[in-house]
Amino acid sequence: MNDYGSDFVENLIYYRTQKNMSQLELSGICECAKSTIGGIEAKKNFPSFELILKIAYALEIHPADLFLRGASKQREEVRSFFEKDIMSLVETRFPR
């Protein structure tokens with residue numbers, strides 16, 4: 001499995017355990033078999049795009065966080081930087 005696949009599995013397990021959720025509970029929310037989640041976590045299977053979205057929804061995270069832990073937080077920090085810091089810099093440099 002490539003690095004993205006390994007990262008995905010590590011992050012899936014991380015977020016699932018953070019939610020104190022079993023494979024069975026996650027599979028129930030995602031409407032798939034427990035063996036599907038088990039197979040993914042054992043790196044035997046890789047989920048479809050639809051299942052990735054269901055897993056993210058069940059874990060209450062952004063799907064990107066399953067590939068890069070904290071990706072949505074980093075995205076928010078970048079957006080905040082541009083919205084606040086850059087705009088205040090522009091307004092200071094080019095007052096109305």
# chains A, B, ... in the order shown; residues from 1 in each chain; ligands from 1

call {"tool": "select_by_dssp", "arguments": {"residues": "chain A", "states": "alpha helix (DSSP H)", "output": "JSON, numbers by chain"}}
result
{"A": [3, 4, 5, 6, 7, 8, 9, 10, 11, 12, 13, 14, 15, 16, 17, 18, 23, 24, 25, 26, 27, 28, 29, 30, 34, 35, 36, 37, 38, 39, 40, 41, 49, 50, 51, 52, 53, 54, 55, 56, 57, 58, 59, 71, 72, 73, 74, 75, 76, 77, 78, 79, 80, 87, 88, 89, 90, 91, 92, 93]}

call {"tool": "closest_atom_pairs", "arguments": {"of": "stretch 4-32 of chain A", "to": "stretch 45-60 of chain A", "cutoff": "10 Å", "atoms": "only C-alpha atoms", "output": "JSON lines"}}
result
{"residue": "A:Gly5", "atom": "CA", "partner": "A:Phe46", "partner_atom": "CA", "distance": 7.6}
{"residue": "A:Phe8", "atom": "CA", "partner": "A:Phe46", "partner_atom": "CA", "distance": 9.2}
{"residue": "A:Val9", "atom": "CA", "partner": "A:Phe46", "partner_atom": "CA", "distance": 9.0}
{"residue": "A:Leu12", "atom": "CA", "partner": "A:Ile55", "partner_atom": "CA", "distance": 8.3}
{"residue": "A:Tyr15", "atom": "CA", "partner": "A:Leu59", "partner_atom": "CA", "distance": 6.7}
{"residue": "A:Arg16", "atom": "CA", "partner": "A:Leu59", "partner_atom": "CA", "distance": 6.5}
{"residue": "A:Thr17", "atom": "CA", "partner": "A:Leu59", "partner_atom": "CA", "distance": 9.8}
{"residue": "A:Gln18", "atom": "CA", "partner": "A:Leu59", "partner_atom": "CA", "distance": 9.0}
{"residue": "A:Lys19", "atom": "CA", "partner": "A:Leu59", "partner_atom": "CA", "distance": 7.0}
{"residue": "A:Met21", "atom": "CA", "partner": "A:Leu59", "partner_atom": "CA", "distance": 8.7}
{"residue": "A:Glu25", "atom": "CA", "partner": "A:Ala58", "partner_atom": "CA", "distance": 9.4}
{"residue": "A:Leu26", "atom": "CA", "partner": "A:Ala58", "partner_atom": "CA", "distance": 6.8}
{"residue": "A:Ser27", "atom": "CA", "partner": "A:Ile55", "partner_atom": "CA", "distance": 8.5}
{"residue": "A:Gly28", "atom": "CA", "partner": "A:Ala58", "partner_atom": "CA", "distance": 9.5}
{"residue": "A:Ile29", "atom": "CA", "partner": "A:Ala58", "partner_atom": "CA", "distance": 6.2}
{"residue": "A:Cys30", "atom": "CA", "partner": "A:Lys54", "partner_atom": "CA", "distance": 5.4}
{"residue": "A:Glu31", "atom": "CA", "partner": "A:Lys54", "partner_atom": "CA", "distance": 8.6}
{"residue": "A:Cys32", "atom": "CA", "partner": "A:Leu51", "partner_atom": "CA", "distance": 8.6}

call {"tool": "closest_residue", "arguments": {"among": "A:Tyr14, A:Asp3, A:Thr92, A:Gly70", "to": "A:Glu41", "atoms": "only C-alpha atoms"}}
result
A:Tyr14

call {"tool": "atom_distance", "arguments": {"atom1": "atom CA of A:Leu68", "atom2": "atom CA of A:Lys43"}}
result
17.0 Å

call {"tool": "closest_residue", "arguments": {"among": "A:Lys44, A:Lys34, A:Arg69, A:Arg93", "to": "A:Glu10", "atoms": "only C-alpha atoms"}}
result
A:Arg69

call {"tool": "closest_residue", "arguments": {"among": "A:Asn11, A:Gly38, A:Ser6, A:Ala33", "to": "A:Pro63", "atoms": "only C-alpha atoms"}}
result
A:Asn11

call {"tool": "closest_residue", "arguments": {"among": "A:Val90, A:Ile13, A:Leu24, A:Ala42", "to": "A:Leu66", "atoms": "only C-alpha atoms"}}
result
A:Ile13

call {"tool": "decode", "arguments": {"residues": "stretch 22-36 of chain A", "atoms": "all heavy atoms", "output": "compact mmCIF listing (two decimals), in the first residue's frame"}}
result
# COMPACT_ATOMS: atom_id res chain seq x y z
N SER A 22 -16.21 1.69 17.90
CA SER A 22 -15.73 0.39 17.44
C SER A 22 -15.90 0.29 15.92
O SER A 22 -16.61 1.07 15.29
CB SER A 22 -16.53 -0.73 18.10
OG SER A 22 -17.87 -0.72 17.63
N GLN A 23 -15.24 -0.72 15.35
CA GLN A 23 -15.42 -0.98 13.92
C GLN A 23 -16.87 -1.28 13.62
O GLN A 23 -17.41 -0.84 12.59
CB GLN A 23 -14.54 -2.15 13.47
CG GLN A 23 -13.07 -1.86 13.44
CD GLN A 23 -12.25 -3.06 12.99
OE1 GLN A 23 -12.75 -4.18 12.87
NE2 GLN A 23 -10.97 -2.82 12.72
N LEU A 24 -17.52 -2.00 14.51
CA LEU A 24 -18.92 -2.36 14.32
C LEU A 24 -19.81 -1.11 14.32
O LEU A 24 -20.69 -0.97 13.46
CB LEU A 24 -19.38 -3.33 15.41
CG LEU A 24 -20.82 -3.83 15.30
CD1 LEU A 24 -21.04 -4.59 13.99
CD2 LEU A 24 -21.15 -4.73 16.49
N GLU A 25 -19.56 -0.20 15.24
CA GLU A 25 -20.35 1.05 15.28
C GLU A 25 -20.13 1.87 14.02
O GLU A 25 -21.09 2.39 13.43
CB GLU A 25 -19.98 1.87 16.51
CG GLU A 25 -20.42 1.24 17.82
CD GLU A 25 -19.82 1.92 19.04
OE1 GLU A 25 -18.62 2.27 19.02
OE2 GLU A 25 -20.57 2.10 20.02
N LEU A 26 -18.87 1.99 13.59
CA LEU A 26 -18.57 2.75 12.39
C LEU A 26 -19.23 2.11 11.17
O LEU A 26 -19.84 2.81 10.35
CB LEU A 26 -17.06 2.86 12.18
CG LEU A 26 -16.61 3.64 10.95
CD1 LEU A 26 -17.14 5.07 10.96
CD2 LEU A 26 -15.09 3.64 10.84
N SER A 27 -19.16 0.80 11.08
CA SER A 27 -19.77 0.12 9.93
C SER A 27 -21.29 0.31 9.92
O SER A 27 -21.88 0.45 8.85
CB SER A 27 -19.41 -1.36 9.93
OG SER A 27 -19.99 -2.04 11.02
N GLY A 28 -21.89 0.35 11.10
CA GLY A 28 -23.34 0.57 11.16
C GLY A 28 -23.73 1.94 10.65
O GLY A 28 -24.69 2.08 9.89
N ILE A 29 -22.98 2.96 11.03
CA ILE A 29 -23.27 4.32 10.56
C ILE A 29 -23.02 4.42 9.06
O ILE A 29 -23.76 5.09 8.34
CB ILE A 29 -22.42 5.36 11.33
CG1 ILE A 29 -22.79 5.35 12.81
CG2 ILE A 29 -22.60 6.76 10.75
CD1 ILE A 29 -21.84 6.13 13.70
N CYS A 30 -21.98 3.75 8.60
CA CYS A 30 -21.62 3.81 7.17
C CYS A 30 -22.42 2.85 6.30
O CYS A 30 -22.27 2.84 5.08
CB CYS A 30 -20.13 3.51 7.00
SG CYS A 30 -19.06 4.75 7.73
N GLU A 31 -23.26 2.04 6.94
CA GLU A 31 -24.08 1.07 6.23
C GLU A 31 -23.24 0.10 5.39
O GLU A 31 -23.48 -0.10 4.20
CB GLU A 31 -25.12 1.77 5.36
CG GLU A 31 -26.06 2.66 6.16
CD GLU A 31 -27.03 3.45 5.31
OE1 GLU A 31 -26.71 3.74 4.13
OE2 GLU A 31 -28.10 3.79 5.83
N CYS A 32 -22.21 -0.44 6.04
CA CYS A 32 -21.39 -1.45 5.39
C CYS A 32 -21.10 -2.55 6.41
O CYS A 32 -21.43 -2.41 7.59
CB CYS A 32 -20.08 -0.84 4.85
SG CYS A 32 -18.95 -0.25 6.11
N ALA A 33 -20.49 -3.62 5.97
CA ALA A 33 -20.17 -4.73 6.86
C ALA A 33 -18.99 -4.38 7.76
O ALA A 33 -18.11 -3.62 7.36
CB ALA A 33 -19.85 -5.98 6.05
N LYS A 34 -18.98 -4.96 8.96
CA LYS A 34 -17.85 -4.76 9.87
C LYS A 34 -16.57 -5.24 9.19
O LYS A 34 -15.50 -4.62 9.36
CB LYS A 34 -18.06 -5.51 11.18
CG LYS A 34 -16.89 -5.36 12.15
CD LYS A 34 -17.09 -6.22 13.40
CE LYS A 34 -15.91 -6.14 14.33
NZ LYS A 34 -14.73 -6.87 13.86
N SER A 35 -16.66 -6.29 8.40
CA SER A 35 -15.48 -6.81 7.70
C SER A 35 -14.92 -5.81 6.69
O SER A 35 -13.73 -5.84 6.38
CB SER A 35 -15.80 -8.14 7.01
OG SER A 35 -16.83 -7.96 6.05
N THR A 36 -15.78 -4.92 6.21
CA THR A 36 -15.31 -3.88 5.29
C THR A 36 -14.37 -2.93 6.02
O THR A 36 -13.27 -2.64 5.53
CB THR A 36 -16.50 -3.10 4.69
OG1 THR A 36 -17.35 -4.01 3.99
CG2 THR A 36 -16.03 -1.99 3.77
